[in-house]
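Quick look at my_file-v3.pdb (PDB, C-alpha atoms and all ligand atoms):
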```pdb
ATOM      1  CA  MET A   1     136.352 124.006 139.794
ATOM      2  CA  ASN A   2     134.707 122.442 136.722
ATOM      3  CA  GLU A   3     136.178 122.297 133.247
ATOM      4  CA  ASP A   4     134.126 125.183 131.960
ATOM      5  CA  GLN A   5     135.340 127.470 134.744
ATOM      6  CA  LEU A   6     138.885 126.319 134.130
ATOM      7  CA  THR A   7     138.849 127.324 130.484
ATOM      8  CA  HIS A   8     138.127 130.895 131.598
ATOM      9  CA  GLN A   9     141.040 131.050 134.028
ATOM     10  CA  PRO A  10     144.238 132.778 132.918
ATOM     11  CA  SER A  11     147.022 130.247 132.229
ATOM     12  CA  VAL A  12     148.821 130.685 135.536
ATOM     13  CA  LYS A  13     145.628 129.706 137.407
ATOM     14  CA  LEU A  14     145.321 126.649 135.202
ATOM     15  CA  ALA A  15     148.985 125.778 135.716
ATOM     16  CA  LYS A  16     148.494 126.073 139.495
ATOM     17  CA  HIS A  17     145.411 123.882 139.390
ATOM     18  CA  GLU A  18     147.200 121.179 137.410
ATOM     19  CA  LEU A  19     150.311 121.245 139.571
ATOM     20  CA  ARG A  20     148.166 121.048 142.740
ATOM     21  CA  THR A  21     146.501 117.890 141.447
ATOM     22  CA  ALA A  22     149.830 116.307 140.470
ATOM     23  CA  LEU A  23     151.528 117.211 143.750
ATOM     24  CA  LYS A  24     148.636 115.948 145.891
ATOM     25  CA  ARG A  25     148.880 112.628 144.068
ATOM     26  CA  LYS A  26     152.659 112.483 144.485
ATOM     27  CA  ARG A  27     152.442 113.271 148.208
ATOM     28  CA  ASN A  28     149.736 110.638 148.735
ATOM     29  CA  HIS A  29     152.064 108.027 147.257
ATOM     30  CA  ILE A  30     154.837 108.405 149.828
ATOM     31  CA  ASP A  31     154.586 105.292 152.006
ATOM     32  CA  ALA A  32     153.984 105.419 155.752
ATOM     33  CA  ASP A  33     157.500 104.400 156.845
ATOM     34  CA  GLN A  34     159.095 106.906 154.507
ATOM     35  CA  ARG A  35     156.799 109.671 155.841
ATOM     36  CA  LYS A  36     157.858 108.928 159.409
ATOM     37  CA  GLN A  37     161.537 108.846 158.548
ATOM     38  CA  ASP A  38     161.296 112.020 156.438
ATOM     39  CA  ALA A  39     159.453 113.901 159.190
ATOM     40  CA  LYS A  40     162.045 112.868 161.751
ATOM     41  CA  GLN A  41     164.965 113.994 159.592
ATOM     42  CA  ALA A  42     163.361 117.222 158.364
ATOM     43  CA  CYS A  43     162.314 118.177 161.922
ATOM     44  CA  ARG A  44     165.824 117.465 163.190
ATOM     45  CA  ARG A  45     167.314 119.749 160.529
ATOM     46  CA  ALA A  46     164.731 122.463 161.180
ATOM     47  CA  ALA A  47     165.263 122.232 164.966
ATOM     48  CA  GLN A  48     169.025 122.765 164.443
ATOM     49  CA  LEU A  49     168.335 125.768 162.251
ATOM     50  CA  LEU A  50     165.937 127.299 164.782
ATOM     51  CA  GLU A  51     168.486 126.693 167.539
ATOM     52  CA  GLU A  52     170.975 128.779 165.520
ATOM     53  CA  LEU A  53     168.415 131.565 165.123
ATOM     54  CA  ARG A  54     167.600 131.444 168.844
ATOM     55  CA  HIS A  55     171.290 131.733 169.607
ATOM     56  CA  GLU A  56     171.679 134.635 167.145
ATOM     57  CA  GLN A  57     168.763 136.420 168.752
ATOM     58  CA  GLY A  58     169.839 135.627 172.307
ATOM     59  CA  ARG A  59     166.338 134.657 173.411
ATOM     60  CA  PRO A  60     163.525 132.222 172.603
ATOM     61  CA  LEU A  61     161.613 132.625 169.356
ATOM     62  CA  THR A  62     158.028 133.482 168.543
ATOM     63  CA  VAL A  63     156.817 131.018 165.921
ATOM     64  CA  CYS A  64     153.593 130.835 163.917
ATOM     65  CA  ALA A  65     153.165 127.109 163.304
ATOM     66  CA  TYR A  66     150.242 124.929 162.182
ATOM     67  CA  MET A  67     148.735 121.563 162.991
ATOM     68  CA  PRO A  68     149.710 119.201 160.154
ATOM     69  CA  PHE A  69     146.852 117.322 158.579
ATOM     70  CA  GLY A  70     146.476 114.320 156.278
ATOM     71  CA  PRO A  71     149.614 113.637 154.270
ATOM     72  CA  GLU A  72     151.424 116.848 155.280
ATOM     73  CA  LEU A  73     154.867 116.334 156.808
ATOM     74  CA  ASP A  74     154.457 115.931 160.572
ATOM     75  CA  ILE A  75     156.028 119.030 162.150
ATOM     76  CA  ILE A  76     154.743 118.291 165.672
ATOM     77  CA  PRO A  77     158.172 116.990 166.863
ATOM     78  CA  LEU A  78     159.660 120.340 165.805
ATOM     79  CA  MET A  79     156.890 122.262 167.568
ATOM     80  CA  GLU A  80     157.490 120.249 170.736
ATOM     81  CA  ALA A  81     161.219 120.922 170.528
ATOM     82  CA  CYS A  82     160.415 124.643 170.240
ATOM     83  CA  LEU A  83     158.197 124.481 173.336
ATOM     84  CA  SER A  84     161.004 122.770 175.259
ATOM     85  CA  SER A  85     163.350 125.591 174.248
ATOM     86  CA  GLY A  86     160.957 128.180 175.649
ATOM     87  CA  ASP A  87     159.607 129.508 172.334
ATOM     88  CA  GLN A  88     156.133 131.009 172.078
ATOM     89  CA  LEU A  89     154.068 129.118 169.508
ATOM     90  CA  TYR A  90     150.845 130.098 167.787
ATOM     91  CA  ILE A  91     148.579 128.062 165.519
ATOM     92  CA  PRO A  92     145.920 129.371 163.137
ATOM     93  CA  ARG A  93     142.152 129.286 163.255
ATOM     94  CA  THR A  94     140.568 129.632 159.819
ATOM     95  CA  LEU A  95     137.863 132.291 159.528
ATOM     96  CA  GLN A  96     135.988 131.276 156.398
ATOM     97  CA  ASP A  97     133.773 134.400 156.259
ATOM     98  CA  THR A  98     136.710 136.721 155.805
ATOM     99  CA  HIS A  99     139.203 134.189 154.396
ATOM    100  CA  THR A 100     141.637 135.180 157.120
ATOM    101  CA  LEU A 101     143.608 133.401 159.823
ATOM    102  CA  GLU A 102     143.600 134.278 163.497
ATOM    103  CA  TRP A 103     146.271 133.036 165.877
ATOM    104  CA  VAL A 104     145.972 131.258 169.201
ATOM    105  CA  GLY A 105     148.783 130.339 171.613
ATOM    106  CA  TRP A 106     149.681 126.636 171.394
ATOM    107  CA  ASN A 107     150.946 124.276 174.055
ATOM    108  CA  MET A 108     150.210 120.669 175.027
ATOM    109  CA  SER A 109     146.899 121.648 176.635
ATOM    110  CA  THR A 110     145.389 123.814 173.872
ATOM    111  CA  PRO A 111     141.795 122.589 173.282
ATOM    112  CA  PHE A 112     141.000 121.609 169.690
ATOM    113  CA  LYS A 113     138.058 121.481 167.347
ATOM    114  CA  SER A 114     137.934 119.957 163.901
ATOM    115  CA  GLY A 115     138.095 122.746 161.281
ATOM    116  CA  VAL A 116     137.866 122.664 157.450
ATOM    117  CA  PHE A 117     139.096 119.365 155.982
ATOM    118  CA  GLY A 118     139.292 118.062 159.570
ATOM    119  CA  ILE A 119     142.339 120.244 160.314
ATOM    120  CA  ARG A 120     142.838 120.482 164.088
ATOM    121  CA  GLU A 121     142.203 124.095 165.008
ATOM    122  CA  PRO A 122     142.034 125.798 168.406
ATOM    123  CA  ALA A 123     138.553 125.382 169.933
ATOM    124  CA  ASP A 124     136.450 128.545 170.015
ATOM    125  CA  GLU A 125     136.976 129.030 173.758
ATOM    126  CA  ALA A 126     140.721 129.449 173.154
ATOM    127  CA  GLU A 127     141.146 133.180 172.593
ATOM    128  CA  ALA A 128     143.003 134.602 169.616
ATOM    129  CA  VAL A 129     145.776 137.128 170.240
ATOM    130  CA  PRO A 130     145.501 140.570 168.618
ATOM    131  CA  ILE A 131     146.953 140.467 165.119
ATOM    132  CA  HIS A 132     149.266 143.425 165.823
ATOM    133  CA  HIS A 133     150.886 141.335 168.560
ATOM    134  CA  ILE A 134     151.569 138.592 166.018
ATOM    135  CA  MET A 135     152.912 141.138 163.547
ATOM    136  CA  ASN A 136     155.211 142.803 166.069
ATOM    137  CA  ASN A 137     156.616 139.666 167.651
ATOM    138  CA  THR A 138     156.786 136.840 165.130
ATOM    139  CA  ASN A 139     160.299 135.727 164.183
ATOM    140  CA  ILE A 140     159.386 132.633 162.180
ATOM    141  CA  VAL A 141     156.337 131.563 160.193
ATOM    142  CA  LEU A 142     156.183 127.866 159.355
ATOM    143  CA  VAL A 143     154.300 127.934 156.067
ATOM    144  CA  PRO A 144     152.427 124.845 154.836
ATOM    145  CA  GLY A 145     152.006 124.164 151.131
ATOM    146  CA  LEU A 146     151.905 121.622 148.340
ATOM    147  CA  GLY A 147     154.838 122.589 146.131
ATOM    148  CA  PHE A 148     157.952 124.748 146.360
ATOM    149  CA  ASP A 149     160.888 125.779 144.190
ATOM    150  CA  ARG A 150     164.442 126.998 144.816
ATOM    151  CA  THR A 151     163.520 130.636 144.151
ATOM    152  CA  GLY A 152     161.102 130.546 147.105
ATOM    153  CA  GLY A 153     157.977 130.046 144.983
ATOM    154  CA  ARG A 154     155.180 128.285 146.850
ATOM    155  CA  LEU A 155     151.975 126.612 145.767
ATOM    156  CA  GLY A 156     149.410 126.479 148.573
ATOM    157  CA  MET A 157     145.956 124.955 148.936
ATOM    158  CA  GLY A 158     144.493 127.617 146.690
ATOM    159  CA  ALA A 159     142.389 129.628 149.112
ATOM    160  CA  GLY A 160     144.978 132.389 149.676
ATOM    161  CA  TYR A 161     144.884 132.198 153.492
ATOM    162  CA  TYR A 162     148.645 132.322 153.926
ATOM    163  CA  ASP A 163     149.246 134.828 151.130
ATOM    164  CA  ARG A 164     146.705 137.140 152.728
ATOM    165  CA  PHE A 165     148.243 136.674 156.178
ATOM    166  CA  LEU A 166     151.828 137.115 154.983
ATOM    167  CA  SER A 167     150.923 140.242 153.012
ATOM    168  CA  LEU A 168     150.305 141.991 156.349
ATOM    169  CA  TRP A 169     154.083 142.490 156.586
ATOM    170  CA  GLU A 170     154.396 143.899 153.083
ATOM    171  CA  SER A 171     155.146 147.449 154.160
ATOM    172  CA  ALA A 172     157.329 146.405 157.137
ATOM    173  CA  LYS A 173     161.113 146.964 157.094
ATOM    174  CA  PRO A 174     163.105 143.803 156.188
ATOM    175  CA  ILE A 175     164.405 143.608 159.761
ATOM    176  CA  ASP A 176     160.871 143.455 161.156
ATOM    177  CA  LYS A 177     159.688 140.744 158.777
ATOM    178  CA  PRO A 178     159.537 137.175 160.040
ATOM    179  CA  ARG A 179     161.519 134.465 158.273
ATOM    180  CA  LEU A 180     159.284 132.198 156.237
ATOM    181  CA  LEU A 181     160.215 128.562 156.610
ATOM    182  CA  SER A 182     158.646 125.526 154.927
ATOM    183  CA  ILE A 183     159.396 121.985 156.018
ATOM    184  CA  ILE A 184     158.673 119.578 153.208
ATOM    185  CA  TYR A 185     159.213 116.182 151.598
ATOM    186  CA  ASN A 186     161.800 116.039 148.790
ATOM    187  CA  GLU A 187     158.844 115.174 146.541
ATOM    188  CA  GLN A 188     157.397 118.669 147.096
ATOM    189  CA  LEU A 189     160.429 120.419 145.621
ATOM    190  CA  VAL A 190     159.819 121.124 141.933
ATOM    191  CA  VAL A 191     161.770 122.986 139.239
ATOM    192  CA  ARG A 192     159.313 125.904 139.043
ATOM    193  CA  VAL A 193     156.074 126.745 140.815
ATOM    194  CA  PRO A 194     153.832 129.165 138.873
ATOM    195  CA  VAL A 195     153.628 132.389 140.871
ATOM    196  CA  GLU A 196     151.397 135.448 140.790
ATOM    197  CA  PRO A 197     152.200 138.899 142.205
ATOM    198  CA  HIS A 198     150.274 138.213 145.439
ATOM    199  CA  ASP A 199     152.240 135.038 146.224
ATOM    200  CA  ALA A 200     154.521 135.273 149.258
ATOM    201  CA  MET A 201     158.026 133.909 148.634
ATOM    202  CA  ILE A 202     159.546 131.502 151.142
ATOM    203  CA  ASP A 203     162.955 132.308 152.713
ATOM    204  CA  ILE A 204     164.183 128.852 153.747
ATOM    205  CA  LEU A 205     163.155 125.336 152.692
ATOM    206  CA  VAL A 206     163.954 122.341 154.865
ATOM    207  CA  THR A 207     163.728 118.832 153.404
ATOM    208  CA  PRO A 208     164.800 115.547 155.013
ATOM    209  CA  SER A 209     168.119 115.833 153.177
ATOM    210  CA  GLN A 210     168.932 119.558 153.095
ATOM    211  CA  VAL A 211     168.365 123.112 154.253
ATOM    212  CA  ILE A 212     167.889 125.436 151.280
ATOM    213  CA  PRO A 213     168.307 129.144 152.060
ATOM    214  CA  ILE A 214     166.700 131.079 149.212
ATOM    215  CA  LYS A 215     168.935 133.698 147.631
ATOM    216  CA  LYS A 216     166.850 136.757 146.890
ATOM    217  CA  ALA A 217     167.624 139.521 144.415
ATOM    218  CA  GLY A 218     169.041 142.594 146.154
ATOM    219  CA  PHE A 219     170.618 140.702 149.068
TER
HETATM  220  N1  LIG A 301     147.846 122.062 158.358
HETATM  221  C1  LIG A 301     147.419 123.113 157.697
HETATM  222  N2  LIG A 301     146.687 124.039 158.309
HETATM  223  C2  LIG A 301     146.206 125.089 157.606
HETATM  224  C3  LIG A 301     146.464 125.230 156.224
HETATM  225  C4  LIG A 301     147.251 124.223 155.589
HETATM  226  O1  LIG A 301     147.537 124.242 154.386
HETATM  227  N3  LIG A 301     147.695 123.188 156.362
HETATM  228  N4  LIG A 301     145.939 126.315 155.562
HETATM  229  C5  LIG A 301     146.485 126.817 154.381
HETATM  230  O2  LIG A 301     145.966 127.674 153.748
HETATM  231  C6  LIG A 301     144.803 127.023 156.173
HETATM  232  C7  LIG A 301     143.507 126.290 155.906
HETATM  233  N5  LIG A 301     143.413 126.037 154.510
HETATM  234  C8  LIG A 301     142.292 126.015 153.761
HETATM  235  C9  LIG A 301     142.407 125.868 152.405
HETATM  236  C10 LIG A 301     141.312 125.848 151.600
HETATM  237  C11 LIG A 301     140.076 126.005 152.152
HETATM  238  C12 LIG A 301     138.919 125.974 151.258
HETATM  239  O3  LIG A 301     139.034 125.696 150.084
HETATM  240  N6  LIG A 301     137.759 126.233 151.769
HETATM  241  C13 LIG A 301     136.543 126.294 151.031
HETATM  242  C14 LIG A 301     135.605 125.231 151.564
HETATM  243  C15 LIG A 301     136.253 123.875 151.517
HETATM  244  C16 LIG A 301     135.458 122.779 152.170
HETATM  245  O4  LIG A 301     134.749 123.027 153.171
HETATM  246  O5  LIG A 301     135.607 121.653 151.691
HETATM  247  C17 LIG A 301     135.986 127.693 151.179
HETATM  248  O6  LIG A 301     136.472 128.463 152.020
HETATM  249  O7  LIG A 301     135.091 128.018 150.389
HETATM  250  C18 LIG A 301     139.968 126.158 153.508
HETATM  251  C19 LIG A 301     141.064 126.157 154.314
HETATM  252  C20 LIG A 301     145.033 127.168 157.645
HETATM  253  N7  LIG A 301     145.455 125.982 158.269
HETATM  254  N1  LIG A 302     147.120 139.423 149.787
HETATM  255  C1  LIG A 302     145.951 139.041 149.249
HETATM  256  N2  LIG A 302     144.852 139.801 149.351
HETATM  257  C2  LIG A 302     143.689 139.422 148.802
HETATM  258  N3  LIG A 302     143.505 138.271 148.125
HETATM  259  C3  LIG A 302     144.547 137.462 147.995
HETATM  260  C4  LIG A 302     145.828 137.790 148.553
HETATM  261  N4  LIG A 302     146.660 136.768 148.287
HETATM  262  C5  LIG A 302     145.939 135.857 147.595
HETATM  263  N5  LIG A 302     144.677 136.254 147.409
HETATM  264  C6  LIG A 302     143.638 135.523 146.660
HETATM  265  O1  LIG A 302     143.541 134.184 147.130
HETATM  266  C7  LIG A 302     143.234 133.293 146.049
HETATM  267  C8  LIG A 302     144.097 132.057 146.089
HETATM  268  O2  LIG A 302     145.427 132.393 145.819
HETATM  269  P1  LIG A 302     146.507 131.280 145.434
HETATM  270  O3  LIG A 302     146.001 130.419 144.343
HETATM  271  O4  LIG A 302     147.835 131.961 145.247
HETATM  272  O5  LIG A 302     146.499 130.441 146.797
HETATM  273  P2  LIG A 302     147.600 129.626 147.528
HETATM  274  O6  LIG A 302     148.844 130.429 147.735
HETATM  275  O7  LIG A 302     147.753 128.350 146.813
HETATM  276  O8  LIG A 302     146.835 129.372 148.923
HETATM  277  P3  LIG A 302     147.203 129.524 150.469
HETATM  278  O9  LIG A 302     147.976 130.809 150.641
HETATM  279  O10 LIG A 302     145.915 129.503 151.199
HETATM  280  O11 LIG A 302     147.975 128.328 150.834
HETATM  281  C9  LIG A 302     143.421 134.088 144.770
HETATM  282  O12 LIG A 302     142.167 134.295 144.211
HETATM  283  C10 LIG A 302     144.049 135.381 145.211
HETATM  284  O13 LIG A 302     143.598 136.472 144.442
END
```
Let me see the file written as structure tokens.
Ligand SMILES: Nc1nc2c(c(=O)[nH]1)N(C=O)[C@@H](CNc1ccc(C(=O)N[C@@H](CCC(=O)O)C(=O)O)cc1)CN2
Ligand SMILES: Nc1ncnc2c1ncn2[C@@H]1O[C@H](COP(=O)(O)OP(=O)(O)OP(=O)(O)O)[C@@H](O)[C@H]1O
Amino acid sequence: MNEDQLTHQPSVKLAKHELRTALKRKRNHIDADQRKQDAKQACRRAAQLLEELRHEQGRPLTVCAYMPFGPELDIIPLMEACLSSGDQLYIPRTLQDTHTLEWVGWNMSTPFKSGVFGIREPADEAEAVPIHHIMNNTNIVLVPGLGFDRTGGRLGMGAGYYDRFLSLWESAKPIDKPRLLSIIYNEQLVVRVPVEPHDAMIDILVTPSQVIPIKKAGF
């Protein structure tokens, strides 16, 4: 986006753009040792939480995950722990024509290609599952993003892929909706993220130091 385009954006778009830039910079500044330690601790916390949910449900979980890229917190140890517990995992393939995500089963032998920004995505020969299967079976969506707040507000990469995907459940009953979980560095937790009506709100944040269940109005 150039400056001229920016001046024509409503203020919330501008606020999002500015916060994205600041948060990318902040995340890039976390040093390598800290990243490793943070990922280990956050994954351990998230694995405990998922174990509780598995126990509650009495069977393994179905989880929509993603392949972390660049400076994102490394959630692979969590995904591996899920596999070991018998969960079904899916990862997204980005369809740029339609700005949508499709979902492919993930295990240690899933073939990869390099997608946008070099994100590891399932290779084209790995078949996507029908979206209604994802909608009917998913218990947990691990949602990536740049910034989050304690009301569940989330700032993503700005292409709307996850908002579009998560809006598929909009008319579902609360009981049929998956829990939205984001696993993040402490540095990604901010006082307020600017939100628009289409933004999906996160249910639980996990940082290296805490699990933050979001209290929602009406619950
Ligand atoms: N690890 C991880 N995987 C992820 C996401 C993420 O945030 N993290 N995504 C979270 O959403 C999706 C991919 N996110 C994207 C975000 C922006 C653009 C985008 O701006 N695309 C431009 C072209 C950009 C380029 O080629 O440089 C476009 O579509 O016009 C594409 C994908 C799916 N997978
Ligand atoms: N449910 C939806 N249906 C159609 N368009 C949508 C939907 N959700 C978001 N969009 C569009 O996607 C664009 C990017 O939205 P936004 O800036 O909120 O992205 P983001 O949440 O940061 O990105 P992402 O969800 O990919 O991580 C906006 O132009 C928005 O109108």
Nearby residues, ligand LIG 302 (chain A), 6 Å, only C-alpha atoms and all ligand atoms, as a PyMOL selection string: chain A and resi 145+155-164+167+198-199
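With only C-alpha atoms and all ligand atoms counted, the chains near ligand LIG 301 (chain A) contribute these residues within 8 Å: Tyr66, Met67, Pro68, Phe69, Glu72, Pro92, Arg93, Thr94, Gln96, Asp97, His99, Leu101, Val116, Phe117, Ile119, Arg120, Glu121, Val143, Pro144, Gly145, Leu146, Gly156, Met157, Gly158, Ala159, Gly160, Tyr161 and Tyr162 of chain A.
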Shortest interatomic distance to Met79 (chain A) - which of A:Arg44, A:Lys16, A:Lys173, A:Lys36, counting all atoms listed in the file: A:Arg44
Given the PyMOL selection byres (((chain A and resi 112) around 12) and not hetatm), the residues it picks as a list of chain:residue names: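 Selection result, ordered by chain and number: A:Met67, A:Ile91, A:Pro92, A:Arg93, A:Val104, A:Gly105, A:Trp106, A:Asn107, A:Met108, A:Ser109, A:Thr110, A:Pro111, A:Lys113, A:Ser114, A:Gly115, A:Gly118, A:Ile119, A:Arg120, A:Glu121, A:Pro122, A:Ala123, A:Asp124, A:Glu125, A:Ala126, A:Glu127.
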Between CA of Pro10 (chain A) and CA of Thr98 (chain A) - distance in Å to one decimal: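 Taking CA of Thr98 (chain A) as the start and CA of Pro10 (chain A) as the end point, the length is 24.4 Å.
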Counting only C-alpha atoms, the residue of A:Glu80, A:Asn136, A:Gln188, A:Pro71 that sits nearest Asp31 (chain A): A:Pro71
Expected answer as a list in words: all residues with atoms within 12 Å of (165.9, 136.0, 148.6), only C-alpha atoms: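 Residues found, by chain and rising number: Arg150, Thr151, Gly152, Gly153, Pro174, Arg179, Leu180, Ala200, Met201, Ile202, Asp203, Ile204, Leu205, Ile212, Pro213, Ile214, Lys215, Lys216, Ala217, Gly218 and Phe219 of chain A.
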Pick from A:Gly86, A:Pro194, A:Pro208, A:Pro130, whichever lies nearest to Leu50 (chain A) using all atoms listed in the file: A:Gly86
